[in-house]
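Here's data-v9.txt, which has compact mmCIF, C-alpha atoms and all ligand atoms:
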```
# COMPACT_ATOMS: atom_id res chain seq x y z
CA MET P 25 19.68 -23.12 -20.54
CA ALA P 26 17.99 -25.44 -18.14
CA ILE P 27 14.82 -27.30 -17.37
CA LEU P 28 13.37 -25.79 -14.20
CA LYS P 29 11.30 -27.45 -11.52
CA ILE P 30 7.61 -26.60 -11.80
CA ALA P 31 5.83 -25.40 -8.65
CA ARG P 32 2.67 -27.32 -7.83
CA MET P 33 -0.58 -26.12 -6.29
CA GLY P 34 -0.02 -25.46 -2.62
CA HIS P 35 3.40 -23.83 -3.07
CA PRO P 36 3.26 -20.23 -1.79
CA VAL P 37 4.91 -18.83 -4.95
CA LEU P 38 1.72 -19.68 -6.85
CA LYS P 39 -0.39 -17.58 -4.47
CA ARG P 40 1.69 -14.39 -4.58
CA VAL P 41 1.16 -11.34 -6.73
CA ALA P 42 4.27 -11.34 -8.92
CA GLN P 43 6.45 -8.22 -9.24
CA PRO P 44 6.82 -6.22 -12.47
CA ILE P 45 10.06 -6.47 -14.44
CA ASP P 46 11.92 -3.16 -14.67
CA ASP P 47 14.10 -3.93 -17.69
CA PRO P 48 12.73 -6.50 -20.17
CA GLY P 49 16.10 -6.42 -21.99
CA ALA P 50 18.16 -7.42 -18.96
CA PRO P 51 20.31 -10.54 -19.44
CA GLU P 52 18.73 -12.26 -16.44
CA VAL P 53 15.28 -11.84 -17.99
CA ARG P 54 16.47 -13.43 -21.24
CA ARG P 55 18.04 -16.25 -19.26
CA LEU P 56 14.81 -16.80 -17.33
CA VAL P 57 12.76 -16.83 -20.54
CA ASN P 58 15.15 -19.28 -22.21
CA ASP P 59 14.89 -21.59 -19.22
CA MET P 60 11.10 -21.25 -19.25
CA LEU P 61 11.05 -22.21 -22.95
CA ASP P 62 13.16 -25.30 -22.22
CA THR P 63 10.88 -26.16 -19.33
CA LEU P 64 7.71 -25.72 -21.38
CA GLU P 65 9.08 -27.79 -24.23
CA ASP P 66 10.12 -30.55 -21.83
CA ALA P 67 6.73 -30.53 -20.09
CA GLY P 68 4.79 -30.40 -23.36
CA GLY P 69 2.47 -27.60 -22.29
CA THR P 70 0.88 -24.65 -24.09
CA GLY P 71 2.04 -21.85 -21.83
CA LEU P 72 4.02 -21.05 -18.72
CA ALA P 73 4.21 -18.18 -16.24
CA ALA P 74 7.36 -17.32 -14.26
CA PRO P 75 5.78 -18.07 -10.84
CA GLN P 76 5.33 -21.66 -12.05
CA VAL P 77 9.12 -21.98 -12.06
CA HIS P 78 9.38 -20.35 -8.61
CA VAL P 79 10.19 -16.87 -9.97
CA PRO P 80 7.62 -14.30 -8.77
CA ARG P 81 8.02 -11.88 -11.69
CA ARG P 82 5.52 -10.76 -14.31
CA VAL P 83 6.47 -12.70 -17.42
CA VAL P 84 4.52 -15.35 -19.34
CA LEU P 85 5.00 -17.22 -22.59
CA PHE P 86 2.73 -19.32 -24.77
CA TYR P 87 2.42 -20.96 -28.17
CA VAL P 88 -0.64 -22.45 -29.87
CA SER P 89 -0.34 -24.54 -33.04
CA THR P 90 -3.02 -24.29 -35.75
CA GLU P 91 -4.07 -27.87 -35.05
CA ARG P 92 -4.48 -27.18 -31.36
CA ALA P 93 -6.38 -23.91 -31.96
CA GLN P 94 -8.82 -25.71 -34.25
CA ARG P 95 -9.38 -28.55 -31.79
CA GLU P 96 -9.84 -26.28 -28.79
CA ASN P 97 -12.07 -23.74 -30.47
CA GLY P 98 -14.42 -26.50 -31.63
CA ARG P 99 -14.77 -27.54 -28.01
CA GLU P 100 -15.79 -24.28 -26.41
CA ASP P 101 -19.38 -23.65 -25.44
CA GLY P 102 -20.73 -20.12 -25.57
CA GLU P 103 -23.42 -18.78 -23.29
CA ASP P 104 -26.02 -19.87 -25.81
CA GLY P 105 -24.85 -23.45 -25.35
CA GLU P 106 -23.81 -23.80 -28.97
CA ASP P 107 -20.35 -24.53 -30.14
CA ALA P 108 -18.56 -21.30 -30.76
CA PRO P 109 -15.86 -22.05 -33.29
CA ASP P 110 -13.70 -18.99 -33.50
CA GLU P 111 -10.32 -18.09 -34.79
CA ALA P 112 -8.34 -21.25 -35.35
CA GLU P 113 -5.05 -19.67 -36.23
CA GLU P 114 -1.65 -20.45 -34.89
CA VAL P 115 -0.53 -18.19 -32.08
CA PRO P 116 3.18 -17.54 -32.56
CA LEU P 117 5.48 -18.16 -29.65
CA THR P 118 4.89 -15.07 -27.57
CA VAL P 119 6.79 -13.75 -24.57
CA LEU P 120 4.94 -11.07 -22.61
CA VAL P 121 6.59 -8.98 -19.93
CA ASN P 122 4.31 -7.07 -17.53
CA PRO P 123 1.15 -8.09 -19.43
CA THR P 124 -2.30 -6.59 -18.92
CA ILE P 125 -5.67 -7.82 -20.19
CA GLU P 126 -8.93 -6.05 -20.89
CA PRO P 127 -12.09 -7.93 -21.80
CA LEU P 128 -13.67 -6.87 -25.11
CA THR P 129 -17.03 -8.40 -24.23
CA GLU P 130 -18.91 -9.59 -21.19
CA GLU P 131 -19.51 -12.88 -22.97
CA MET P 132 -17.93 -15.89 -21.32
CA VAL P 133 -17.15 -19.27 -22.81
CA VAL P 134 -16.65 -22.45 -20.82
CA SER P 135 -14.11 -25.07 -21.80
CA TRP P 136 -11.61 -27.59 -20.46
CA GLU P 137 -8.42 -26.27 -18.99
CA ALA P 138 -5.38 -27.84 -17.38
CA CYS P 139 -2.26 -26.52 -15.70
CA LEU P 140 1.29 -27.78 -15.27
CA SER P 141 1.00 -26.78 -11.61
CA LEU P 142 -1.97 -29.15 -11.11
CA PRO P 143 -0.62 -32.15 -12.98
CA ASP P 144 -3.03 -34.73 -14.42
CA LEU P 145 -6.17 -32.71 -13.65
CA ALA P 146 -8.59 -30.77 -15.83
CA GLY P 147 -11.70 -28.71 -15.23
CA ARG P 148 -14.23 -26.60 -17.08
CA VAL P 149 -13.44 -22.93 -16.71
CA PRO P 150 -15.37 -19.85 -17.85
CA ARG P 151 -13.23 -17.20 -19.56
CA TYR P 152 -13.90 -14.01 -21.47
CA LYS P 153 -14.53 -14.86 -25.10
CA ALA P 154 -12.52 -11.92 -26.42
CA VAL P 155 -9.79 -9.83 -24.84
CA ARG P 156 -7.19 -7.25 -25.76
CA TYR P 157 -3.80 -7.83 -24.18
CA ARG P 158 -0.69 -5.75 -23.95
CA GLY P 159 2.81 -6.44 -22.80
CA LEU P 160 6.45 -5.87 -23.65
CA ASP P 161 8.71 -8.19 -25.59
CA LEU P 162 12.33 -8.81 -24.64
CA ARG P 163 13.44 -5.69 -26.54
CA GLY P 164 11.00 -3.56 -24.58
CA GLU P 165 8.70 -3.13 -27.63
CA GLU P 166 5.00 -3.07 -26.88
CA ILE P 167 2.85 -5.95 -28.09
CA VAL P 168 -0.89 -5.23 -28.43
CA ARG P 169 -3.20 -7.97 -29.67
CA GLU P 170 -6.83 -8.87 -29.70
CA ALA P 171 -7.58 -12.52 -29.02
CA ARG P 172 -10.64 -14.71 -29.12
CA GLY P 173 -11.45 -18.29 -28.27
CA PHE P 174 -8.60 -20.53 -27.13
CA HIS P 175 -6.00 -17.81 -27.70
CA ALA P 176 -7.90 -15.55 -25.28
CA ARG P 177 -8.27 -18.44 -22.82
CA VAL P 178 -4.54 -19.17 -22.73
CA VAL P 179 -3.65 -15.54 -22.10
CA GLN P 180 -6.19 -15.24 -19.29
CA HIS P 181 -4.90 -18.46 -17.71
CA GLU P 182 -1.25 -17.38 -17.85
CA CYS P 183 -1.86 -13.86 -16.60
CA ASP P 184 -3.89 -15.21 -13.68
CA HIS P 185 -0.70 -16.95 -12.54
CA LEU P 186 0.88 -13.50 -12.12
CA ASP P 187 -1.85 -12.58 -9.66
CA GLY P 188 -1.67 -15.79 -7.66
CA VAL P 189 -4.81 -17.30 -9.22
CA LEU P 190 -5.09 -20.93 -10.36
CA TYR P 191 -7.87 -22.14 -12.66
CA PRO P 192 -9.94 -23.92 -9.97
CA GLN P 193 -10.49 -20.47 -8.45
CA ARG P 194 -12.21 -19.49 -11.70
CA MET P 195 -14.38 -22.59 -11.94
CA THR P 196 -18.10 -22.21 -11.31
CA ASP P 197 -18.82 -25.96 -11.30
CA LEU P 198 -16.23 -27.86 -9.28
CA SER P 199 -17.98 -31.14 -10.12
CA THR P 200 -16.22 -30.94 -13.50
CA LEU P 201 -12.77 -31.20 -11.89
CA THR P 202 -11.53 -34.42 -13.44
CA PHE P 203 -8.44 -36.56 -13.76
CA ALA P 204 -7.11 -36.04 -17.27
CA SER P 205 -6.80 -39.79 -17.78
CA GLU P 206 -10.55 -40.20 -17.04
CA LEU P 207 -11.40 -37.41 -19.46
CA ARG P 208 -9.27 -39.06 -22.10
CA ALA P 209 -10.73 -42.53 -21.50
CA ARG P 210 -14.39 -41.48 -21.23
CA ALA P 211 -14.68 -38.56 -23.61
CA GLY P 212 -11.56 -38.84 -25.77
CA ILE P 213 -10.63 -35.31 -24.75
CA GLU P 214 -6.98 -34.37 -24.47
CA VAL P 215 -6.22 -31.13 -22.64
CA ALA P 216 -2.80 -29.45 -22.78
CA GLU P 217 -1.42 -28.08 -19.54
CA GLU P 218 -0.65 -24.38 -19.24
NI NI U 1 -1.22 -22.88 -15.42
```

Just dump the structure as structure tokens.
Ligand code: NI
Amino acid sequence: MAILKIARMGHPVLKRVAQPIDDPGAPEVRRLVNDMLDTLEDAGGTGLAAPQVHVPRRVVLFYVSTERAQRENGREDGEDGEDAPDEAEEVPLTVLVNPTIEPLTEEMVVSWEACLSLPDLAGRVPRYKAVRYRGLDLRGEEIVREARGFHARVVQHECDHLDGVLYPQRMTDLSTLTFASELRARAGIEVAEE
């Protein structure tokens, strides 16, 4: 196991469309995932996609604690401008190989987002409020889940990495791009990097 170097915005690996994994049970996939877990734990983020550790393959992982889900879901603004507190449940540590996402609604919510590949920055990003996602686990078993709120946001953020998309490309108001330390100092908002 090892802590891997995280690619930062501007590195070509973050702009590529990552390749599917043929055999989710292959030892090299397990090794990659173990290294990604070490890397995520060391960096203190919420999620990580393989291209962020310079591996252009379609695998992501994420974990959301109950505390974090509650905090984040209280922060999201729906289209009606009201707080949209949603599911505030823990998301178990999830590894998704070759994931796909389908929106379950046209409704978007806007909230703060940050990324390990754009260290110390945050911005307000619109995401689908509810999605269904599918992927394979490391035994090749299919995972199908419906997600709302912050859970849905994390999955959309991570899967974007597999298509070479970083969150600023999803922002509709670039004036909200902010140094995380300013956000913390001025608004008391702490955003975990994904
Ligand atoms: Ni990210």

For ligand NI 1 (chain U), collect every residue having any atom at a distance of at most 9 Å from a ligand atom (counting all atoms listed in the file); output as a PyMOL selection string.
chain P and resi 71-73+76+137-142+178+181-182+184-185+190-191+217-218

Find the nearest atom pair between each residue of segment 69-185 of chain P and segment 31-50 of chain P for residues within 8 Å, count only C-alpha atoms, give distances in Å to one decimal, sort rows by chain and ascending number, and present the table as CSV.
```
residue,atom,partner,partner_atom,distance
P:Pro75,CA,P:Leu38,CA,5.9
P:Gln76,CA,P:Ala31,CA,5.1
P:Val77,CA,P:Ala31,CA,5.8
P:His78,CA,P:Val37,CA,6.0
P:Val79,CA,P:Val37,CA,7.5
P:Pro80,CA,P:Ala42,CA,4.5
P:Arg81,CA,P:Gln43,CA,4.7
P:Arg82,CA,P:Pro44,CA,5.1
P:Val83,CA,P:Ile45,CA,7.8
P:Val121,CA,P:Pro48,CA,6.6
P:Asn122,CA,P:Pro44,CA,5.7
P:Leu140,CA,P:Arg32,CA,7.6
P:Ser141,CA,P:Arg32,CA,4.2
P:Leu142,CA,P:Met33,CA,5.9
P:Pro143,CA,P:Arg32,CA,7.8
P:Leu160,CA,P:Pro48,CA,7.2
P:Asp161,CA,P:Pro48,CA,7.0
P:Leu162,CA,P:Pro48,CA,5.0
P:Arg163,CA,P:Gly49,CA,5.3
P:Gly164,CA,P:Pro48,CA,5.6
P:His185,CA,P:Leu38,CA,6.8
```

Restricting it to C-alpha atoms, dump the selection as a PDB file, in the coordinates of the input.
```pdb
ATOM      1  CA  PRO P  75       5.780 -18.070 -10.840  1.00  0.00           C
ATOM      2  CA  GLN P  76       5.330 -21.660 -12.050  1.00  0.00           C
ATOM      3  CA  VAL P  77       9.120 -21.980 -12.060  1.00  0.00           C
ATOM      4  CA  HIS P  78       9.380 -20.350  -8.610  1.00  0.00           C
ATOM      5  CA  VAL P  79      10.190 -16.870  -9.970  1.00  0.00           C
ATOM      6  CA  PRO P  80       7.620 -14.300  -8.770  1.00  0.00           C
ATOM      7  CA  ARG P  81       8.020 -11.880 -11.690  1.00  0.00           C
ATOM      8  CA  ARG P  82       5.520 -10.760 -14.310  1.00  0.00           C
ATOM      9  CA  VAL P  83       6.470 -12.700 -17.420  1.00  0.00           C
ATOM     10  CA  VAL P 121       6.590  -8.980 -19.930  1.00  0.00           C
ATOM     11  CA  ASN P 122       4.310  -7.070 -17.530  1.00  0.00           C
ATOM     12  CA  LEU P 140       1.290 -27.780 -15.270  1.00  0.00           C
ATOM     13  CA  SER P 141       1.000 -26.780 -11.610  1.00  0.00           C
ATOM     14  CA  LEU P 142      -1.970 -29.150 -11.110  1.00  0.00           C
ATOM     15  CA  PRO P 143      -0.620 -32.150 -12.980  1.00  0.00           C
ATOM     16  CA  LEU P 160       6.450  -5.870 -23.650  1.00  0.00           C
ATOM     17  CA  ASP P 161       8.710  -8.190 -25.590  1.00  0.00           C
ATOM     18  CA  LEU P 162      12.330  -8.810 -24.640  1.00  0.00           C
ATOM     19  CA  ARG P 163      13.440  -5.690 -26.540  1.00  0.00           C
ATOM     20  CA  GLY P 164      11.000  -3.560 -24.580  1.00  0.00           C
ATOM     21  CA  HIS P 185      -0.700 -16.950 -12.540  1.00  0.00           C
TER      22      HIS P 185
END
```

Need to verify the contact set: Gly68 of chain P, 9 Å, all atoms listed in the file, exclusion of same-chain residues closer than 4 positions in sequence. Can you return it as a list in words?
Thr63, Leu64, Ala216 and Glu217 of chain P

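In this structure, atom CA of Arg194 of chain P sits 20.6 Å away from atom CA of Ile213 of chain P.
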
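In terms of minimum interatomic distance to Val215 of chain P, P:Asp144 ranks closest within P:Asp144, P:Glu114, P:Asp59, P:Glu166, counting only C-alpha atoms.
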
Go through P:Gly212, P:Pro116, P:Pro123, P:Gly147 one by one, measure the shortest atom-to-atom distance of each to Ser89 of chain P using all atoms listed in the file, and give the residue with the smallest value.
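Ranked by minimum distance to Ser89 of chain P, first place goes to P:Pro116.
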
Counting only C-alpha atoms, the option among P:Leu85, P:Ala93, P:Leu201, P:Ala176 closest to Thr129 of chain P:
P:Ala176

What does the structure give for the distance between atom CA of Thr70 of chain P and atom CA of Met132 of chain P, in Å to one decimal?
20.9 Å

Just checking: using all atoms listed in the file, which residue out of P:Asp66, P:Arg95, P:Gly188, P:Val53 ends up closest to Ala26 of chain P?
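Once distances to Ala26 of chain P are computed over all atoms listed in the file, the minimum belongs to P:Asp66.
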